[in-house]
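Notes follow once the structure below has been shown.
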Amino acid sequence: MATENALKNRSNSSCELCTASSNLSVYPVPPTSDLSAQQSIYLCQTCLAQIEGEQALDINHWRCLTDSMWNQEPAVQVMSYRLLHKLSSESWAQDALDMIYLEDDVRTWAEQGIAAERSNGPTRDSNGAELQDGDNVTLVKDLKVKGANFTAKQGTMVRGITLTDNPEHIEGKVNGTRIVLVSAYLKKA
């Protein structure tokens with residue numbers, strides 16, 4: 001209860017990521033948290049459900065990270081960084097990642113969580129086959145490539161993919177442009 005009271009005071013009784021003011025709860029920041037206020041954040045149910053994977057990430061909801069990433073609390077900075085990293089295929093999130101400044105110990109904490117999350121599961125294609133760095137894949141549907149003004153056609157071969165920290169994404173070259181692709185729209189060649 002002491003942690004929750006400290007977080008209420010610190011956050012002015014609002015979500016420390018999106019500033020919502022209802023249905024708030026304490027979230028201990030993984031991978032290691034001593035359940036103190038310094039290693040926890042105060043979240044609304046919308047943020048919590050998306051962070052814990054109960055709901056899909058709503059990209060527009062997370063635009064709030066461009067504000068919360070400047071919070072003075074390391075735990076809030078860590079979660080902002082991790083979420084921006086998950087959303088790094090979005091240009092606004094990548095821009096925020098390029099601007100964010102974290103002290104060395106805070107960056108280490110943030111990257112530990114990314115590494116722990118990545119180790120939670122392999123990257124799989126649309127058929128459930130595990131993908132590895134260097135694999136070749138083909139697109140199973142046409143994909144409009146944002147910012148590159150072309151559509152990657154179904155059946156296009158992507159050679160020598162690179163896995164990302166997010167098990168749902170891979171990187172590869174299509175039409176000479178290096179892009180991030182959702183693994184659910186690929187099949188191992």
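Identifiers for the structure tokens are assigned positionally: chains receive A, B, ... in sequence, residues are indexed from 1 per chain, and ligands are indexed from 1 in the order shown.
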Report the closest atom pair, with its distance in Å rounded to one decimal, for each residue of segment 81-113 of chain A that has an atom no farther than 7 Å from segment 48-69 of chain A; count only C-alpha atoms, sort by chain and then rising residue number, and write it as JSON lines.
{"residue": "A:Tyr81", "atom": "CA", "partner": "A:Met69", "partner_atom": "CA", "distance": 6.8}
{"residue": "A:Ala96", "atom": "CA", "partner": "A:Thr66", "partner_atom": "CA", "distance": 6.2}
{"residue": "A:Ile100", "atom": "CA", "partner": "A:Met69", "partner_atom": "CA", "distance": 6.9}
Which residues come within 9 Å of Ile114 of chain A, counting only C-alpha atoms, excluding same-chain residues fewer than 6 positions away, as a short mmCIF file (atom, residue, chain, number, x, y, z; two decimals) with N, CA, C and O atoms, in the first residue's frame?
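Here's the written file part10.cif:
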data_model
loop_
_atom_site.label_atom_id
_atom_site.label_comp_id
_atom_site.auth_asym_id
_atom_site.auth_seq_id
_atom_site.Cartn_x
_atom_site.Cartn_y
_atom_site.Cartn_z
N ARG A 82 10.97 0.96 -23.87
CA ARG A 82 10.62 -0.39 -24.31
C ARG A 82 9.44 -0.38 -25.28
O ARG A 82 9.44 -1.09 -26.29
N HIS A 85 10.43 1.03 -28.57
CA HIS A 85 11.22 0.02 -29.26
C HIS A 85 10.29 -0.99 -29.95
O HIS A 85 10.53 -1.38 -31.09
N LYS A 86 9.22 -1.40 -29.26
CA LYS A 86 8.24 -2.32 -29.86
C LYS A 86 7.56 -1.71 -31.08
O LYS A 86 7.21 -2.40 -32.02
N ASP A 165 14.20 -7.22 -32.06
CA ASP A 165 13.92 -7.48 -30.65
C ASP A 165 12.46 -7.84 -30.42
O ASP A 165 12.12 -8.36 -29.38
N ASN A 166 11.62 -7.54 -31.38
CA ASN A 166 10.21 -7.87 -31.28
C ASN A 166 9.97 -9.16 -32.07
O ASN A 166 10.19 -9.20 -33.28
#
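The gap separating atom CA of Ala75 of chain A from atom CA of Pro28 of chain A is 8.9 Å, in Å to one decimal.
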Fill in the blank from the handout: With distances taken over only C-alpha atoms, the candidate from A:Ser91, A:Gln39, A:Thr46, A:Asn12 nearest Gln77 of chain A is A:Gln39
Practice task
Output as an MDAnalysis selection string all residues of segment 84-170 of chain A that backbone DSSP marks as strand (DSSP E).
Solution key: chainID A and resid 137:139 143:145 150:152 157:158 162:163 169:170
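Nearest-residue note for Arg124 of chain A: choosing from A:Asn23, A:Thr164, A:Thr108, A:Ser183, the minimum distance belongs to A:Ser183, counting only C-alpha atoms.
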Enumerate, in order of chain and increasing residue number, the residues of segment 10-126 of chain A with an atom no farther than 10 Å from segment 168-178 of chain A, each with its shortest atom pair and distance in Å to one decimal, counting only C-alpha atoms, as a Markdown table.
| residue | atom | partner | partner_atom | distance |
| --- | --- | --- | --- | --- |
| A:Lys86 | CA | A:His169 | CA | 9.2 |
| A:Ser89 | CA | A:His169 | CA | 8.7 |
| A:Arg118 | CA | A:Glu168 | CA | 9.8 |
| A:Gly121 | CA | A:Glu168 | CA | 9.8 |
| A:Pro122 | CA | A:Glu168 | CA | 8.9 |
| A:Thr123 | CA | A:Glu168 | CA | 6.1 |
| A:Arg124 | CA | A:Glu168 | CA | 7.5 |
| A:Asp125 | CA | A:Glu168 | CA | 8.8 |
Completion exercise
Taken to one decimal, the atom CA of Leu83 of chain A-atom CA of Lys188 of chain A distance is 27.6 Å
Practice task
Extract the full set of alpha helix (DSSP H) residues from segment 99-131 of chain A according to DSSP on the backbone, and format it as a ChimeraX atom specification.
Solution key: /A:99,104-118
Would you mind exporting the chosen residues as a PDB file, in the first residue's frame, restricted to N, CA and C atoms?
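File written: result_21.pdb
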ATOM      1  N   MET A  99      15.578  10.496 -30.352  1.00  0.00           N
ATOM      2  CA  MET A  99      15.710  11.674 -29.487  1.00  0.00           C
ATOM      3  C   MET A  99      15.894  11.346 -28.010  1.00  0.00           C
ATOM      4  N   ASP A 104      23.091   5.780 -18.435  1.00  0.00           N
ATOM      5  CA  ASP A 104      23.594   4.442 -18.760  1.00  0.00           C
ATOM      6  C   ASP A 104      22.897   3.337 -17.967  1.00  0.00           C
ATOM      7  N   ASP A 105      22.701   3.537 -16.663  1.00  0.00           N
ATOM      8  CA  ASP A 105      22.069   2.493 -15.849  1.00  0.00           C
ATOM      9  C   ASP A 105      20.598   2.316 -16.215  1.00  0.00           C
ATOM     10  N   VAL A 106      19.922   3.386 -16.591  1.00  0.00           N
ATOM     11  CA  VAL A 106      18.519   3.312 -16.999  1.00  0.00           C
ATOM     12  C   VAL A 106      18.413   2.604 -18.351  1.00  0.00           C
ATOM     13  N   ARG A 107      19.306   2.914 -19.272  1.00  0.00           N
ATOM     14  CA  ARG A 107      19.320   2.255 -20.582  1.00  0.00           C
ATOM     15  C   ARG A 107      19.575   0.749 -20.411  1.00  0.00           C
ATOM     16  N   THR A 108      20.487   0.385 -19.519  1.00  0.00           N
ATOM     17  CA  THR A 108      20.767  -1.032 -19.257  1.00  0.00           C
ATOM     18  C   THR A 108      19.515  -1.725 -18.750  1.00  0.00           C
ATOM     19  N   TRP A 109      18.807  -1.092 -17.820  1.00  0.00           N
ATOM     20  CA  TRP A 109      17.561  -1.639 -17.281  1.00  0.00           C
ATOM     21  C   TRP A 109      16.531  -1.821 -18.396  1.00  0.00           C
ATOM     22  N   ALA A 110      16.401  -0.806 -19.247  1.00  0.00           N
ATOM     23  CA  ALA A 110      15.430  -0.863 -20.347  1.00  0.00           C
ATOM     24  C   ALA A 110      15.774  -1.995 -21.313  1.00  0.00           C
ATOM     25  N   GLU A 111      17.039  -2.137 -21.644  1.00  0.00           N
ATOM     26  CA  GLU A 111      17.444  -3.157 -22.607  1.00  0.00           C
ATOM     27  C   GLU A 111      17.386  -4.563 -22.018  1.00  0.00           C
ATOM     28  N   GLN A 112      17.533  -4.694 -20.699  1.00  0.00           N
ATOM     29  CA  GLN A 112      17.366  -6.009 -20.060  1.00  0.00           C
ATOM     30  C   GLN A 112      15.948  -6.525 -20.293  1.00  0.00           C
ATOM     31  N   GLY A 113      14.982  -5.656 -20.171  1.00  0.00           N
ATOM     32  CA  GLY A 113      13.592  -6.047 -20.385  1.00  0.00           C
ATOM     33  C   GLY A 113      13.321  -6.431 -21.827  1.00  0.00           C
ATOM     34  N   ILE A 114      13.949  -5.718 -22.765  1.00  0.00           N
ATOM     35  CA  ILE A 114      13.780  -6.043 -24.181  1.00  0.00           C
ATOM     36  C   ILE A 114      14.387  -7.414 -24.466  1.00  0.00           C
ATOM     37  N   ALA A 115      15.564  -7.661 -23.921  1.00  0.00           N
ATOM     38  CA  ALA A 115      16.222  -8.961 -24.118  1.00  0.00           C
ATOM     39  C   ALA A 115      15.409 -10.080 -23.475  1.00  0.00           C
ATOM     40  N   ALA A 116      14.869  -9.837 -22.289  1.00  0.00           N
ATOM     41  CA  ALA A 116      14.062 -10.856 -21.605  1.00  0.00           C
ATOM     42  C   ALA A 116      12.796 -11.150 -22.398  1.00  0.00           C
ATOM     43  N   GLU A 117      12.183 -10.115 -22.962  1.00  0.00           N
ATOM     44  CA  GLU A 117      10.966 -10.294 -23.756  1.00  0.00           C
ATOM     45  C   GLU A 117      11.263 -11.073 -25.030  1.00  0.00           C
ATOM     46  N   ARG A 118      12.372 -10.749 -25.656  1.00  0.00           N
ATOM     47  CA  ARG A 118      12.747 -11.453 -26.884  1.00  0.00           C
ATOM     48  C   ARG A 118      12.988 -12.929 -26.609  1.00  0.00           C
TER      49      ARG A 118
END
Practice task
One decimal, Å: what's the distance from atom CA of Gln94 of chain A over to atom CA of Gln72 of chain A, could you say?
Solution key: 20.8 Å
Practice task
Write out as a VMD selection string the residues lying within 12 Å of Thr151 of chain A, counting only C-alpha atoms and excluding same-chain residues fewer than 5 positions away.
Solution key: chain A and resid 139 141 to 146 156 174 to 175 177 179
Could those residues be written to a file, using all heavy atoms, as a short mmCIF file (atom, residue, chain, number, x, y, z; two decimals), in the first residue's frame?
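Final output, result_13.cif:
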data_model
loop_
_atom_site.label_atom_id
_atom_site.label_comp_id
_atom_site.auth_asym_id
_atom_site.auth_seq_id
_atom_site.Cartn_x
_atom_site.Cartn_y
_atom_site.Cartn_z
N LEU A 139 6.38 -13.32 -49.05
CA LEU A 139 5.20 -12.62 -48.55
C LEU A 139 3.96 -13.43 -48.90
O LEU A 139 3.84 -13.93 -50.02
CB LEU A 139 5.09 -11.23 -49.16
CG LEU A 139 6.27 -10.28 -48.92
CD1 LEU A 139 6.04 -8.97 -49.64
CD2 LEU A 139 6.45 -10.02 -47.44
N LYS A 141 0.88 -12.06 -48.61
CA LYS A 141 -0.14 -11.12 -49.08
C LYS A 141 0.55 -9.84 -49.51
O LYS A 141 1.70 -9.58 -49.15
CB LYS A 141 -1.19 -10.85 -48.00
CG LYS A 141 -0.72 -10.07 -46.79
CD LYS A 141 -1.83 -9.81 -45.80
CE LYS A 141 -2.36 -8.42 -45.95
NZ LYS A 141 -3.39 -8.04 -45.03
N ASP A 142 -0.14 -9.02 -50.30
CA ASP A 142 0.39 -7.72 -50.71
C ASP A 142 0.48 -6.81 -49.49
O ASP A 142 -0.45 -6.77 -48.67
CB ASP A 142 -0.52 -7.06 -51.75
CG ASP A 142 -0.50 -7.76 -53.10
OD1 ASP A 142 0.30 -8.70 -53.27
OD2 ASP A 142 -1.29 -7.36 -53.97
N LEU A 143 1.61 -6.10 -49.36
CA LEU A 143 1.80 -5.19 -48.23
C LEU A 143 2.19 -3.80 -48.75
O LEU A 143 3.17 -3.65 -49.46
CB LEU A 143 2.91 -5.71 -47.30
CG LEU A 143 2.68 -7.07 -46.66
CD1 LEU A 143 3.92 -7.51 -45.91
CD2 LEU A 143 1.49 -7.03 -45.74
N LYS A 144 1.39 -2.81 -48.37
CA LYS A 144 1.72 -1.42 -48.73
C LYS A 144 2.82 -0.96 -47.78
O LYS A 144 2.68 -1.04 -46.57
CB LYS A 144 0.48 -0.54 -48.59
CG LYS A 144 0.71 0.87 -49.04
CD LYS A 144 -0.60 1.61 -49.15
CE LYS A 144 -0.44 3.07 -49.37
NZ LYS A 144 0.08 3.47 -50.64
N VAL A 145 3.93 -0.50 -48.34
CA VAL A 145 5.08 -0.10 -47.55
C VAL A 145 4.98 1.40 -47.28
O VAL A 145 5.06 2.22 -48.20
CB VAL A 145 6.41 -0.44 -48.27
CG1 VAL A 145 7.59 -0.02 -47.42
CG2 VAL A 145 6.46 -1.93 -48.56
N LYS A 146 4.79 1.73 -46.00
CA LYS A 146 4.65 3.14 -45.61
C LYS A 146 5.95 3.88 -45.83
O LYS A 146 7.02 3.40 -45.49
CB LYS A 146 4.27 3.24 -44.13
CG LYS A 146 2.93 2.66 -43.79
CD LYS A 146 2.68 2.75 -42.30
CE LYS A 146 1.41 2.02 -41.92
NZ LYS A 146 1.23 1.95 -40.50
N THR A 156 6.66 -12.22 -53.13
CA THR A 156 7.98 -11.61 -53.17
C THR A 156 8.91 -12.32 -52.19
O THR A 156 8.55 -12.55 -51.05
CB THR A 156 7.90 -10.11 -52.81
OG1 THR A 156 7.06 -9.44 -53.75
CG2 THR A 156 9.28 -9.46 -52.80
N VAL A 174 13.30 -5.34 -49.57
CA VAL A 174 12.30 -5.53 -50.61
C VAL A 174 12.47 -4.36 -51.57
O VAL A 174 12.47 -3.20 -51.15
CB VAL A 174 10.86 -5.56 -50.03
CG1 VAL A 174 9.85 -5.64 -51.15
CG2 VAL A 174 10.71 -6.70 -49.05
N ASN A 175 12.63 -4.66 -52.86
CA ASN A 175 12.85 -3.63 -53.89
C ASN A 175 14.03 -2.72 -53.53
O ASN A 175 13.97 -1.51 -53.74
CB ASN A 175 11.60 -2.78 -54.11
CG ASN A 175 10.47 -3.57 -54.71
OD1 ASN A 175 10.65 -4.69 -55.17
ND2 ASN A 175 9.28 -3.00 -54.71
N THR A 177 14.97 -1.70 -50.66
CA THR A 177 14.73 -0.90 -49.47
C THR A 177 14.65 -1.80 -48.25
O THR A 177 13.91 -2.78 -48.26
CB THR A 177 13.41 -0.11 -49.62
OG1 THR A 177 13.46 0.68 -50.80
CG2 THR A 177 13.17 0.79 -48.42
N ILE A 179 13.25 -2.79 -44.89
CA ILE A 179 12.00 -2.49 -44.19
C ILE A 179 11.77 -3.50 -43.08
O ILE A 179 12.38 -4.56 -43.05
CB ILE A 179 10.79 -2.48 -45.16
CG1 ILE A 179 10.62 -3.84 -45.86
CG2 ILE A 179 10.92 -1.36 -46.17
CD1 ILE A 179 9.35 -3.94 -46.70
#
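Take the candidates A:Ala2, A:Met157, A:Met79, A:Leu87 and check each one against Leu102 of chain A using only C-alpha atoms; the shortest distance goes to A:Met79.
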Find the residues near Ser13 of chain A: any atom within 12 Å, counting only C-alpha atoms, skip ones fewer than 2 places away on the same chain, and give them as an mmCIF file with N, CA and C atoms, in the first residue's frame.
data_model
loop_
_atom_site.group_PDB
_atom_site.id
_atom_site.type_symbol
_atom_site.label_atom_id
_atom_site.label_comp_id
_atom_site.auth_asym_id
_atom_site.auth_seq_id
_atom_site.Cartn_x
_atom_site.Cartn_y
_atom_site.Cartn_z
ATOM 1 N N GLU A 4 1.798 2.078 -3.588
ATOM 2 C CA GLU A 4 0.691 2.677 -4.332
ATOM 3 C C GLU A 4 0.482 4.138 -3.929
ATOM 4 N N ASN A 5 0.561 4.433 -2.649
ATOM 5 C CA ASN A 5 0.410 5.820 -2.189
ATOM 6 C C ASN A 5 1.520 6.703 -2.748
ATOM 7 N N ALA A 6 2.740 6.186 -2.754
ATOM 8 C CA ALA A 6 3.862 6.960 -3.306
ATOM 9 C C ALA A 6 3.653 7.224 -4.793
ATOM 10 N N LEU A 7 3.163 6.218 -5.516
ATOM 11 C CA LEU A 7 2.923 6.381 -6.955
ATOM 12 C C LEU A 7 1.771 7.339 -7.224
ATOM 13 N N LYS A 8 0.726 7.285 -6.387
ATOM 14 C CA LYS A 8 -0.390 8.232 -6.537
ATOM 15 C C LYS A 8 0.107 9.659 -6.407
ATOM 16 N N ASN A 9 0.932 9.896 -5.390
ATOM 17 C CA ASN A 9 1.477 11.239 -5.181
ATOM 18 C C ASN A 9 2.390 11.650 -6.321
ATOM 19 N N ARG A 10 3.263 10.747 -6.740
ATOM 20 C CA ARG A 10 4.227 11.041 -7.810
ATOM 21 C C ARG A 10 3.521 11.366 -9.120
ATOM 22 N N SER A 11 2.436 10.647 -9.413
ATOM 23 C CA SER A 11 1.760 10.777 -10.708
ATOM 24 C C SER A 11 0.544 11.697 -10.682
ATOM 25 N N CYS A 15 -2.295 7.956 -14.911
ATOM 26 C CA CYS A 15 -1.416 6.989 -15.557
ATOM 27 C C CYS A 15 -0.119 7.700 -15.949
ATOM 28 N N GLU A 16 0.999 7.083 -15.608
ATOM 29 C CA GLU A 16 2.284 7.729 -15.883
ATOM 30 C C GLU A 16 2.706 7.628 -17.347
ATOM 31 N N LEU A 17 1.955 6.890 -18.153
ATOM 32 C CA LEU A 17 2.258 6.829 -19.574
ATOM 33 C C LEU A 17 1.279 7.660 -20.401
ATOM 34 N N CYS A 18 -0.039 7.483 -20.164
ATOM 35 C CA CYS A 18 -1.016 8.168 -21.023
ATOM 36 C C CYS A 18 -1.828 9.242 -20.301
ATOM 37 N N THR A 19 -1.648 9.411 -19.028
ATOM 38 C CA THR A 19 -2.315 10.407 -18.164
ATOM 39 C C THR A 19 -3.800 10.133 -17.903
ATOM 40 N N ALA A 20 -4.302 8.938 -18.216
ATOM 41 C CA ALA A 20 -5.687 8.605 -17.860
ATOM 42 C C ALA A 20 -5.810 8.636 -16.335
ATOM 43 N N SER A 21 -7.018 8.891 -15.838
ATOM 44 C CA SER A 21 -7.164 9.056 -14.393
ATOM 45 C C SER A 21 -8.071 8.020 -13.724
ATOM 46 N N SER A 22 -8.480 6.986 -14.472
ATOM 47 C CA SER A 22 -9.350 5.985 -13.845
ATOM 48 C C SER A 22 -8.755 4.584 -13.990
ATOM 49 N N ASN A 23 -9.204 3.687 -13.105
ATOM 50 C CA ASN A 23 -8.754 2.284 -13.105
ATOM 51 C C ASN A 23 -7.237 2.159 -13.095
ATOM 52 N N LEU A 24 -6.593 2.767 -12.114
ATOM 53 C CA LEU A 24 -5.137 2.775 -12.019
ATOM 54 C C LEU A 24 -4.639 1.680 -11.089
ATOM 55 N N SER A 25 -3.470 1.132 -11.421
ATOM 56 C CA SER A 25 -2.863 0.120 -10.560
ATOM 57 C C SER A 25 -1.344 0.176 -10.668
ATOM 58 N N VAL A 26 -0.692 -0.435 -9.696
ATOM 59 C CA VAL A 26 0.769 -0.481 -9.645
ATOM 60 C C VAL A 26 1.259 -1.543 -10.626
ATOM 61 N N ILE A 41 5.573 1.623 -11.800
ATOM 62 C CA ILE A 41 4.872 2.780 -12.357
ATOM 63 C C ILE A 41 3.378 2.598 -12.136
ATOM 64 N N TYR A 42 2.654 3.691 -12.244
ATOM 65 C CA TYR A 42 1.208 3.704 -12.038
ATOM 66 C C TYR A 42 0.551 3.723 -13.411
ATOM 67 N N LEU A 43 -0.236 2.671 -13.735
ATOM 68 C CA LEU A 43 -0.813 2.526 -15.066
ATOM 69 C C LEU A 43 -2.323 2.394 -15.037
ATOM 70 N N CYS A 44 -2.961 2.856 -16.115
ATOM 71 C CA CYS A 44 -4.384 2.626 -16.314
ATOM 72 C C CYS A 44 -4.573 1.222 -16.885
#
